[in-house]
Every structure is written in structure tokens, then in C-alpha cells.
$ cat query34.tsv   # TSV, C-alpha atoms
chain	number	residue	atom	x	y	z
A	42	MET	CA	0.00	0.00	0.00
A	43	LYS	CA	2.67	2.42	1.00
A	44	ASN	CA	4.73	1.55	-2.05
A	45	LYS	CA	1.84	2.28	-4.31
A	46	TYR	CA	1.35	5.58	-2.58
A	47	ILE	CA	4.99	6.47	-3.01
A	48	VAL	CA	4.93	5.45	-6.66
A	49	THR	CA	1.84	7.53	-7.42
A	50	MET	CA	3.27	10.49	-5.56
A	51	ASN	CA	6.43	10.21	-7.60
A	52	ARG	CA	4.42	10.05	-10.78
A	53	VAL	CA	2.47	13.13	-9.79
A	54	LEU	CA	5.65	14.97	-8.95
A	55	LEU	CA	7.16	13.90	-12.23
A	56	MET	CA	4.12	15.14	-14.12
A	57	ASN	CA	4.33	18.42	-12.27
A	58	ARG	CA	7.92	18.71	-13.13
A	59	CYS	CA	7.30	17.82	-16.71
A	60	CYS	CA	4.40	20.25	-16.86
A	61	TYR	CA	6.63	22.94	-15.46
A	62	SER	CA	9.22	22.19	-18.10
A	63	VAL	CA	6.57	22.33	-20.81
A	64	ILE	CA	5.46	25.76	-19.66
A	65	SER	CA	9.05	27.04	-19.55
A	66	ALA	CA	10.09	25.58	-22.87
A	67	HIS	CA	9.91	29.07	-24.34
A	68	ASP	CA	12.05	30.40	-21.49
A	69	GLN	CA	14.47	27.61	-21.99
A	70	LYS	CA	14.79	28.48	-25.64
A	71	GLU	CA	15.52	32.06	-24.66
A	72	LYS	CA	18.10	30.83	-22.21
A	73	ILE	CA	19.77	28.67	-24.80
A	74	ARG	CA	19.78	31.51	-27.30
A	75	SER	CA	21.29	33.97	-24.86
A	76	THR	CA	23.93	31.45	-23.83
A	77	LEU	CA	24.72	30.87	-27.46
A	78	ASN	CA	25.03	34.61	-28.01
A	79	TYR	CA	27.41	34.89	-25.11
A	80	MET	CA	29.53	32.02	-26.40
A	81	ILE	CA	29.68	33.50	-29.89
A	82	ALA	CA	30.59	36.90	-28.48
A	83	LEU	CA	33.32	35.32	-26.37
A	84	GLY	CA	34.69	33.54	-29.38
A	85	ILE	CA	34.74	36.69	-31.48
A	86	MET	CA	36.33	38.66	-28.67
A	87	THR	CA	39.10	36.11	-28.29
A	88	VAL	CA	39.85	36.15	-32.00
A	89	GLY	CA	39.77	39.94	-32.03
A	90	LEU	CA	42.09	40.18	-29.04
A	91	SER	CA	44.60	37.88	-30.62
A	92	TYR	CA	44.66	40.10	-33.72
A	93	ALA	CA	44.89	43.24	-31.67
A	94	ALA	CA	47.66	41.87	-29.49
A	95	VAL	CA	50.26	42.23	-32.23
A	96	PRO	CA	50.25	46.03	-32.63
A	97	LEU	CA	49.44	46.53	-28.97
A	98	TYR	CA	52.45	44.52	-27.97
A	99	ARG	CA	54.61	46.45	-30.36
A	100	ILE	CA	53.45	49.77	-28.93
A	101	PHE	CA	54.03	48.53	-25.42
A	102	CYS	CA	57.52	47.36	-26.24
A	103	GLN	CA	58.40	50.61	-27.92
A	104	ALA	CA	57.26	52.56	-24.92
A	105	TYR	CA	58.88	50.50	-22.23
A	106	SER	CA	61.86	48.74	-23.71
A	107	TYR	CA	64.97	50.04	-25.45
A	108	GLY	CA	64.11	49.20	-29.01
A	109	GLY	CA	64.78	45.55	-28.37
A	110	THR	CA	68.28	46.05	-27.03
A	111	THR	CA	69.22	45.55	-23.44
A	112	GLY	CA	70.37	48.32	-21.16
A	113	GLN	CA	73.84	49.80	-21.20
A	114	ILE	CA	75.08	48.03	-18.10
A	115	GLU	CA	74.06	44.68	-19.40
A	116	ALA	CA	75.85	45.30	-22.65
A	117	ASN	CA	79.08	45.97	-20.81
A	118	LYS	CA	78.70	42.85	-18.73
A	119	ALA	CA	77.91	40.79	-21.78
A	120	VAL	CA	80.99	42.02	-23.60
A	121	SER	CA	83.36	41.56	-20.69
A	122	ASN	CA	82.13	38.06	-19.98
A	123	MET	CA	82.01	36.64	-23.45
A	124	LYS	CA	84.67	34.25	-24.60
A	125	ALA	CA	85.90	33.88	-28.13
A	126	ILE	CA	84.94	30.62	-29.75
A	127	LYS	CA	87.88	29.35	-31.70
A	128	ASP	CA	86.40	26.69	-33.91
A	129	ARG	CA	83.91	28.77	-35.86
A	130	PRO	CA	85.70	31.55	-37.67
A	131	ILE	CA	83.36	33.80	-39.58
A	132	LYS	CA	84.32	35.91	-42.52
A	133	VAL	CA	82.74	39.33	-42.41
A	134	ARG	CA	82.78	41.08	-45.75
A	135	PHE	CA	82.34	44.80	-46.00
A	136	ASN	CA	80.31	46.65	-48.53
A	137	ALA	CA	79.91	50.37	-48.93
A	138	ASP	CA	77.28	52.21	-50.90
A	139	THR	CA	76.19	55.75	-51.36
A	140	ALA	CA	72.88	57.14	-52.48
A	141	SER	CA	72.88	58.24	-56.06
A	142	SER	CA	72.75	61.91	-55.15
A	143	MET	CA	75.47	61.60	-52.55
A	144	GLN	CA	78.82	62.76	-53.82
A	145	TRP	CA	81.13	61.23	-51.29
A	146	ASN	CA	83.51	58.47	-52.22
A	147	PHE	CA	82.86	55.86	-49.64
A	148	LYS	CA	84.58	52.52	-49.51
A	149	PRO	CA	85.77	49.94	-46.99
A	150	GLN	CA	89.47	49.83	-46.17
A	151	GLN	CA	89.51	46.05	-45.98
A	152	PRO	CA	87.44	43.75	-48.15
A	153	ASP	CA	86.86	41.28	-45.36
A	154	ILE	CA	87.92	40.26	-41.89
A	155	THR	CA	87.97	36.81	-40.34
A	156	VAL	CA	86.54	37.09	-36.87
A	157	LEU	CA	85.63	34.67	-34.10
A	158	PRO	CA	82.23	34.87	-32.39
A	159	GLY	CA	82.66	36.55	-29.05
A	160	GLU	CA	85.70	38.50	-30.16
A	161	THR	CA	85.51	42.22	-30.73
A	162	ALA	CA	86.80	43.45	-34.05
A	163	LEU	CA	87.66	46.75	-35.61
A	164	ALA	CA	87.05	47.63	-39.23
A	165	PHE	CA	87.52	50.81	-41.21
A	166	TYR	CA	85.69	52.64	-43.92
A	167	THR	CA	87.03	55.69	-45.68
A	168	ALA	CA	84.99	58.58	-46.96
A	169	VAL	CA	86.25	61.36	-49.18
A	170	ASN	CA	84.41	64.53	-50.02
A	171	PRO	CA	85.61	65.51	-53.50
A	172	THR	CA	83.35	68.55	-53.80
A	173	ASP	CA	84.07	72.15	-52.92
A	174	LYS	CA	81.46	72.44	-50.27
A	175	ALA	CA	80.85	70.73	-46.97
A	176	VAL	CA	78.53	67.80	-47.29
A	177	THR	CA	76.73	66.18	-44.40
A	178	GLY	CA	75.93	62.53	-44.57
A	179	ILE	CA	74.02	60.05	-42.50
A	180	SER	CA	74.32	56.36	-42.86
A	181	THR	CA	72.48	53.19	-42.19
A	182	TYR	CA	73.54	49.61	-42.40
A	183	ASN	CA	72.34	46.20	-43.33
A	184	VAL	CA	73.50	42.69	-42.50
A	185	ILE	CA	73.10	39.79	-44.87
A	186	PRO	CA	71.96	37.01	-44.36
A	187	PHE	CA	68.92	38.27	-42.55
A	188	GLU	CA	69.07	35.71	-39.75
A	189	ALA	CA	72.63	36.62	-38.89
A	190	GLY	CA	71.66	40.22	-38.25
A	191	GLN	CA	70.44	39.51	-34.74
A	192	TYR	CA	73.89	38.27	-33.73
A	193	PHE	CA	75.71	41.23	-35.15
A	194	ASN	CA	76.30	43.71	-32.34
A	195	LYS	CA	77.95	47.03	-32.86
A	196	ILE	CA	79.74	48.55	-29.94
A	197	GLN	CA	80.48	51.75	-31.72
A	198	CYS	CA	80.21	52.92	-35.28
A	199	PHE	CA	79.40	55.95	-37.36
A	200	CYS	CA	75.84	55.28	-38.34
A	201	PHE	CA	72.60	57.11	-37.63
A	202	GLU	CA	74.32	60.35	-36.77
A	203	GLU	CA	75.05	63.17	-39.12
A	204	GLN	CA	78.67	63.33	-40.11
A	205	GLN	CA	79.99	66.39	-41.84
A	206	LEU	CA	82.91	66.33	-44.20
A	207	ASN	CA	84.64	69.54	-45.17
A	208	PRO	CA	85.53	70.10	-48.83
A	209	HIS	CA	88.24	67.77	-50.08
A	210	GLU	CA	88.50	66.06	-46.76
A	211	GLN	CA	89.21	62.40	-46.25
A	212	VAL	CA	88.30	60.70	-43.01
A	213	ASP	CA	88.50	57.18	-41.59
A	214	MET	CA	85.39	55.78	-40.06
A	215	PRO	CA	85.81	52.84	-37.74
A	216	VAL	CA	83.27	50.22	-36.84
A	217	PHE	CA	83.81	48.32	-33.62
A	218	PHE	CA	81.67	45.23	-33.47
A	219	TYR	CA	81.41	41.65	-32.35
A	220	ILE	CA	79.38	38.60	-33.22
A	221	ASP	CA	77.39	37.20	-30.35
A	222	PRO	CA	78.77	33.83	-29.18
A	223	GLU	CA	75.24	32.43	-29.23
A	224	TYR	CA	75.66	32.37	-32.97
A	225	ILE	CA	77.09	28.88	-32.81
A	226	GLU	CA	74.06	27.52	-31.00
A	227	ASP	CA	71.60	28.57	-33.64
A	228	PRO	CA	70.85	25.66	-35.95
A	229	LYS	CA	69.99	28.04	-38.75
A	230	MET	CA	73.50	29.43	-38.66
A	231	GLU	CA	75.22	26.10	-38.94
A	232	PHE	CA	76.31	26.48	-42.54
A	233	ILE	CA	76.61	30.23	-42.63
A	234	ASP	CA	80.22	31.27	-42.40
A	235	GLU	CA	80.08	34.54	-44.25
A	236	ILE	CA	78.31	37.68	-43.26
A	237	VAL	CA	78.13	40.81	-45.33
A	238	LEU	CA	77.97	44.14	-43.56
A	239	SER	CA	76.78	46.85	-45.87
A	240	TYR	CA	76.74	50.55	-45.08
A	241	THR	CA	74.92	53.11	-47.16
A	242	PHE	CA	75.47	56.84	-46.93
A	243	PHE	CA	72.76	59.31	-47.71
A	244	GLU	CA	73.04	63.02	-47.90
A	245	ALA	CA	71.52	64.95	-45.03
A	246	LYS	CA	70.17	68.22	-46.33
A	247	GLU	CA	69.12	71.16	-44.23
A	248	GLY	CA	65.53	70.96	-43.21
A	249	MET	CA	65.17	67.44	-44.49
A	250	LYS	CA	63.66	65.13	-41.93
A	251	LEU	CA	65.07	61.69	-42.38
A	252	PRO	CA	63.12	58.76	-40.95
A	253	VAL	CA	65.59	58.11	-38.14
A	254	PRO	CA	64.69	55.33	-35.70
A	255	SER	CA	63.02	56.59	-32.55
A	256	TYR	CA	65.75	55.41	-30.21
A	257	VAL	CA	68.44	57.59	-31.77
A	258	LYS	CA	69.26	60.56	-29.60
A	259	GLN	CA	69.36	63.66	-31.77
B	129	MET	CA	63.36	50.65	-48.73
B	130	SER	CA	60.00	49.94	-47.17
B	131	THR	CA	57.29	49.74	-49.77
B	132	ALA	CA	53.82	48.34	-49.42
B	133	MET	CA	55.01	44.98	-50.67
B	134	THR	CA	57.44	44.46	-47.83
B	135	PHE	CA	54.70	44.26	-45.25
B	136	GLY	CA	54.67	40.79	-43.75
B	137	GLN	CA	58.09	39.94	-45.10
B	138	LYS	CA	61.01	39.86	-42.76
B	139	GLN	CA	62.25	43.36	-42.21
B	140	PHE	CA	65.76	44.09	-41.11
B	141	ILE	CA	65.63	46.41	-38.13
B	142	PRO	CA	68.91	48.19	-37.56
B	143	THR	CA	69.90	48.48	-33.94
B	144	PRO	CA	71.79	51.41	-32.51
B	145	PRO	CA	75.40	50.86	-31.48
B	146	ASP	CA	75.91	50.14	-27.80
B	147	LYS	CA	78.18	53.07	-27.14
B	148	GLY	CA	76.92	55.44	-29.75
B	149	SER	CA	78.75	56.93	-32.64
B	150	PHE	CA	82.45	57.58	-33.11
B	151	PRO	CA	83.19	61.27	-33.59
B	152	LEU	CA	84.97	61.86	-36.84
B	153	ASP	CA	88.74	62.10	-36.76
B	154	HIS	CA	88.98	65.20	-38.96
B	155	GLU	CA	92.60	65.94	-38.19
B	156	GLY	CA	93.75	62.40	-38.71
B	157	ILE	CA	95.33	62.18	-35.29
B	158	CYS	CA	94.98	58.45	-35.08
B	159	LYS	CA	95.79	57.75	-38.67
B	160	LYS	CA	99.19	56.23	-37.87
B	161	THR	CA	97.72	53.62	-35.57
B	162	MET	CA	95.05	52.94	-38.12
B	163	VAL	CA	97.62	52.34	-40.84
B	164	ARG	CA	99.50	50.02	-38.53
B	165	TYR	CA	96.32	48.08	-37.92
B	166	MET	CA	95.59	47.82	-41.61
B	167	LYS	CA	99.13	46.64	-42.30
B	168	CYS	CA	98.75	43.98	-39.64
B	169	LEU	CA	95.51	42.84	-41.21
B	170	ILE	CA	97.07	42.61	-44.64
B	171	ASN	CA	100.03	40.67	-43.30
B	172	ASN	CA	97.87	38.24	-41.40
B	173	ASN	CA	95.38	37.58	-44.15
B	174	SER	CA	92.66	39.66	-42.52
B	175	ASN	CA	92.61	37.55	-39.41
B	176	ASN	CA	91.22	39.64	-36.61
B	177	SER	CA	92.48	37.48	-33.75
B	178	LEU	CA	96.10	38.24	-34.59
B	179	CYS	CA	95.66	41.98	-34.82
B	180	ARG	CA	93.89	42.73	-31.59
B	181	ASP	CA	96.87	44.53	-30.10
B	182	GLU	CA	96.90	47.03	-32.92
B	183	ALA	CA	93.16	47.49	-32.58
B	184	LYS	CA	93.66	48.17	-28.89
B	185	GLU	CA	96.31	50.75	-29.78
B	186	TYR	CA	93.96	52.50	-32.15
B	187	LEU	CA	91.21	52.67	-29.58
B	188	ALA	CA	93.67	53.90	-26.95
B	189	CYS	CA	94.72	56.66	-29.35
B	190	ARG	CA	91.10	57.62	-29.80
B	191	MET	CA	90.48	57.72	-26.09
B	192	GLU	CA	93.53	59.85	-25.41
B	193	ASN	CA	92.59	62.41	-28.00
B	194	ASN	CA	89.02	62.80	-26.90
B	195	LEU	CA	87.64	60.99	-29.88
B	196	MET	CA	86.09	58.26	-27.83
B	197	ALA	CA	84.69	57.96	-24.32
B	198	LYS	CA	87.14	56.28	-21.97
B	199	GLU	CA	86.09	52.72	-21.38
B	200	ASP	CA	87.38	49.88	-19.34
B	201	TRP	CA	89.22	47.47	-21.64
B	202	ASN	CA	87.13	44.60	-20.36
B	203	ASN	CA	83.99	46.33	-21.52
B	204	LEU	CA	85.44	46.52	-25.00
B	205	GLY	CA	86.28	42.86	-25.12
B	206	PHE	CA	89.99	43.15	-24.48
B	207	GLN	CA	90.59	40.89	-21.53
B	208	GLU	CA	93.74	41.64	-19.64
B	209	ASN	CA	94.71	38.00	-19.26
B	210	LYS	CA	96.39	36.50	-22.29
B	211	GLU	CA	96.33	32.87	-21.29
B	212	GLU	CA	94.67	31.83	-24.48
B	213	ARG	CA	97.32	33.38	-26.67
$ encode --input "query34.tsv" --output "C-alpha cells"
Amino acid sequence: MKNKYIVTMNRVLLMNRCCYSVISAHDQKEKIRSTLNYMIALGIMTVGLSYAAVPLYRIFCQAYSYGGTTGQIEANKAVSNMKAIKDRPIKVRFNADTASSMQWNFKPQQPDITVLPGETALAFYTAVNPTDKAVTGISTYNVIPFEAGQYFNKIQCFCFEEQQLNPHEQVDMPVFFYIDPEYIEDPKMEFIDEIVLSYTFFEAKEGMKLPVPSYVKQ
Amino acid sequence: MSTAMTFGQKQFIPTPPDKGSFPLDHEGICKKTMVRYMKCLINNNSNNSLCRDEAKEYLACRMENNLMAKEDWNNLGFQENKEER
């Protein structure tokens, strides 16, 4: 008797529950739709954020880092602690170019130098101003192959700053650089034993605003 | 140098030198040491490891004549110990 009572009560409760769910089917549909909307919005927001992260990150880095280079103190420590690696000599070839309107004669003093990674090296370029008036030049450089450029560190050089040559003046321009010892641990660099360092001189005219990188102190 | 087509391709970003730019040696004060260095390079088949002393001399000349900020030799990669030589 009691079992029957319990069973019927359960059935009644079940019907009530099922009736309740029938009444709120419309609500449930709304719920499902709103949940779906939220999920879609979340998905779109994630995709959008991942696209936006690239320029945002770049802006952040430009504002708070040093153009990708480490601070001055760390550079000194890195240089004083690095050891030359004797079994991977690298030939650094030098190339010199001028812009077509630039009248200097600009050439490297040595065609190449064999250098060890981790060893600082000195190289010279010579510039002659054959004209009768003072010409101001500004230079930039390039390292080929592209992947080797990240290991090429310049301690001091003559680039990115305006250099003035008086008429008929010849001047030697040194470049003091080293190749990061981590070069040998890069698998991409395994078969690269030659690096080309290329400098190009452009004429700096009065009032002309050259696109100089933001980290250069004017 | 940077046209519309280079977007997305690898772009070489020049980095500034660690210690800035060398002032120009207009009077040629350090030319003798430079010539010595070049001669050493030519004699040693452009091998940098053998000509480091001359390079050090050139940089010392620059420092003495106010053409370069005075730096500790260690910070320029010239270790004082020559055990490896």
C-alpha cells in the first residue's frame, strides 16, 4: 500500500515537473539563445584580441623597452664576460654604398675580416668629399643574411648620426663590433660562415627630416 | 626601402650601437695607428684574432685624443689575461 502511494506520488511529482518544463520551454529556448550569443561573443572577442595583441604589444615594447636592445650596463657585462669561440671563424665582408645623389667616395678599407664569435673586431671605412662644399651625410647599415643580423652587435660605429665632411676632406670611419657567441648555438647558422655588412650613406640636407629610428638621440 | 610589398616579409631592423657613434677624426690624429692596424691585417690575411693589439692601440689613441669615451678594456672585449694566446 505504502509503495503504491509512493509510486503515485512520484508520478504526480514527475508530471508536475514535466508540466513545469513544458510551460518554460519558451524560457528555456531564450536561455539557450542567450547562452549561445554569449559564447559567440566570447569567441569573437578572443579572436579579435589575438589580432589586436600584435600592434598593442609592439606599442608597449616601444614605450617601455629600449628598441629591443638591453640596457647599457648589461651590454658591458655581456661584452666583458664573453669568450671567443675558436672553432667557428666567420668571414665578415664589408660593402659600402652611397645614395645616387650623394657625392662622397665611400669605400671599406679592408674587403673582409675573419673574426671569431665573441671577439671584438675593428674595421675601417674611408669617406672622401671631392666637392668644394661641406657635405653632411648620414648612414644606415644592413646585415646579410637576414638571420645573422640579430647576432651582429655594434659597440660603436658611425651610423645614424650626421657626419659632416669639409671640402676635399678624407676621413677614416671605424666600426667596432662583435658577433654574439650564441651564434654557434643557432641551428639556422650552422652552414653560414660569411656575413656581409653593408653601409649606405645618404646626404643629409638642411631641413630634411630623415626617418631616423626613434631610439636615436638627436 | 620599405614599400607596401614588404609588409609581412622579414624586415631588417637596424639596432643602434651600444656606445653610440664615433666622432669623426677630422685631423687624422689616429691615422698612424690605423695604418699600422691595416698593415697587420694585410700581413695576417685579414685575421682579426692576430691583430687585436693594434686594434687596442687605435682605440687607446682615440680615447687619449678625446675621440672616444674612456672605457674599461674589459667592456670593450679586451681581456687583460692573455692565457689563451
$ closest_atom_pairs --input "query34.tsv" --of "chain B" --to "chain A" --cutoff "8 Å" --atoms "all atoms listed in the file" --output "tab-separated table"
residue	atom	partner	partner_atom	distance
B:Phe140	CA	A:Phe187	CA	6.8
B:Pro142	CA	A:Tyr182	CA	6.8
B:Thr143	CA	A:Thr110	CA	7.5
B:Pro144	CA	A:Val257	CA	7.1
B:Pro145	CA	A:Lys195	CA	4.8
B:Asp146	CA	A:Ile196	CA	4.7
B:Lys147	CA	A:Gln197	CA	5.3
B:Gly148	CA	A:Gln197	CA	5.5
B:Ser149	CA	A:Phe199	CA	4.9
B:Phe150	CA	A:Phe199	CA	5.5
B:Pro151	CA	A:Phe199	CA	7.5
B:Leu152	CA	A:Met214	CA	6.9
B:Asp153	CA	A:Val212	CA	6.4
B:His154	CA	A:Val212	CA	6.1
B:Gly156	CA	A:Val212	CA	7.1
B:Lys159	CA	A:Asp213	CA	7.9
B:Met166	CA	A:Gln151	CA	7.7
B:Ser174	CA	A:Ile154	CA	4.8
B:Asn175	CA	A:Thr155	CA	4.8
B:Asn176	CA	A:Val156	CA	5.3
B:Ser177	CA	A:Val156	CA	6.7
B:Arg180	CA	A:Ala162	CA	7.5
B:Ala183	CA	A:Leu163	CA	6.3
B:Asn202	CA	A:Ser121	CA	4.9
B:Asn203	CA	A:Ser121	CA	4.9
B:Leu204	CA	A:Val120	CA	6.5
B:Gly205	CA	A:Ser121	CA	5.5
B:Phe206	CA	A:Thr161	CA	7.7
B:Gln207	CA	A:Ser121	CA	7.3
$ atom_distance --input "query34.tsv" --atom1 "atom CA of B:Asn171" --atom2 "atom CA of A:Ile225"
27.8 Å
$ atom_distance --input "query34.tsv" --atom1 "atom CA of A:Glu226" --atom2 "atom CA of A:Tyr105"
28.9 Å
$ closest_residue --input "query34.tsv" --among "A:Ile85, A:Gly178, A:Ile236, A:His209" --to "A:Ser142" --atoms "all atoms listed in the file"
A:Gly178
$ atom_distance --input "query34.tsv" --atom1 "atom CA of A:Asp227" --atom2 "atom CA of A:Asp128"
14.9 Å
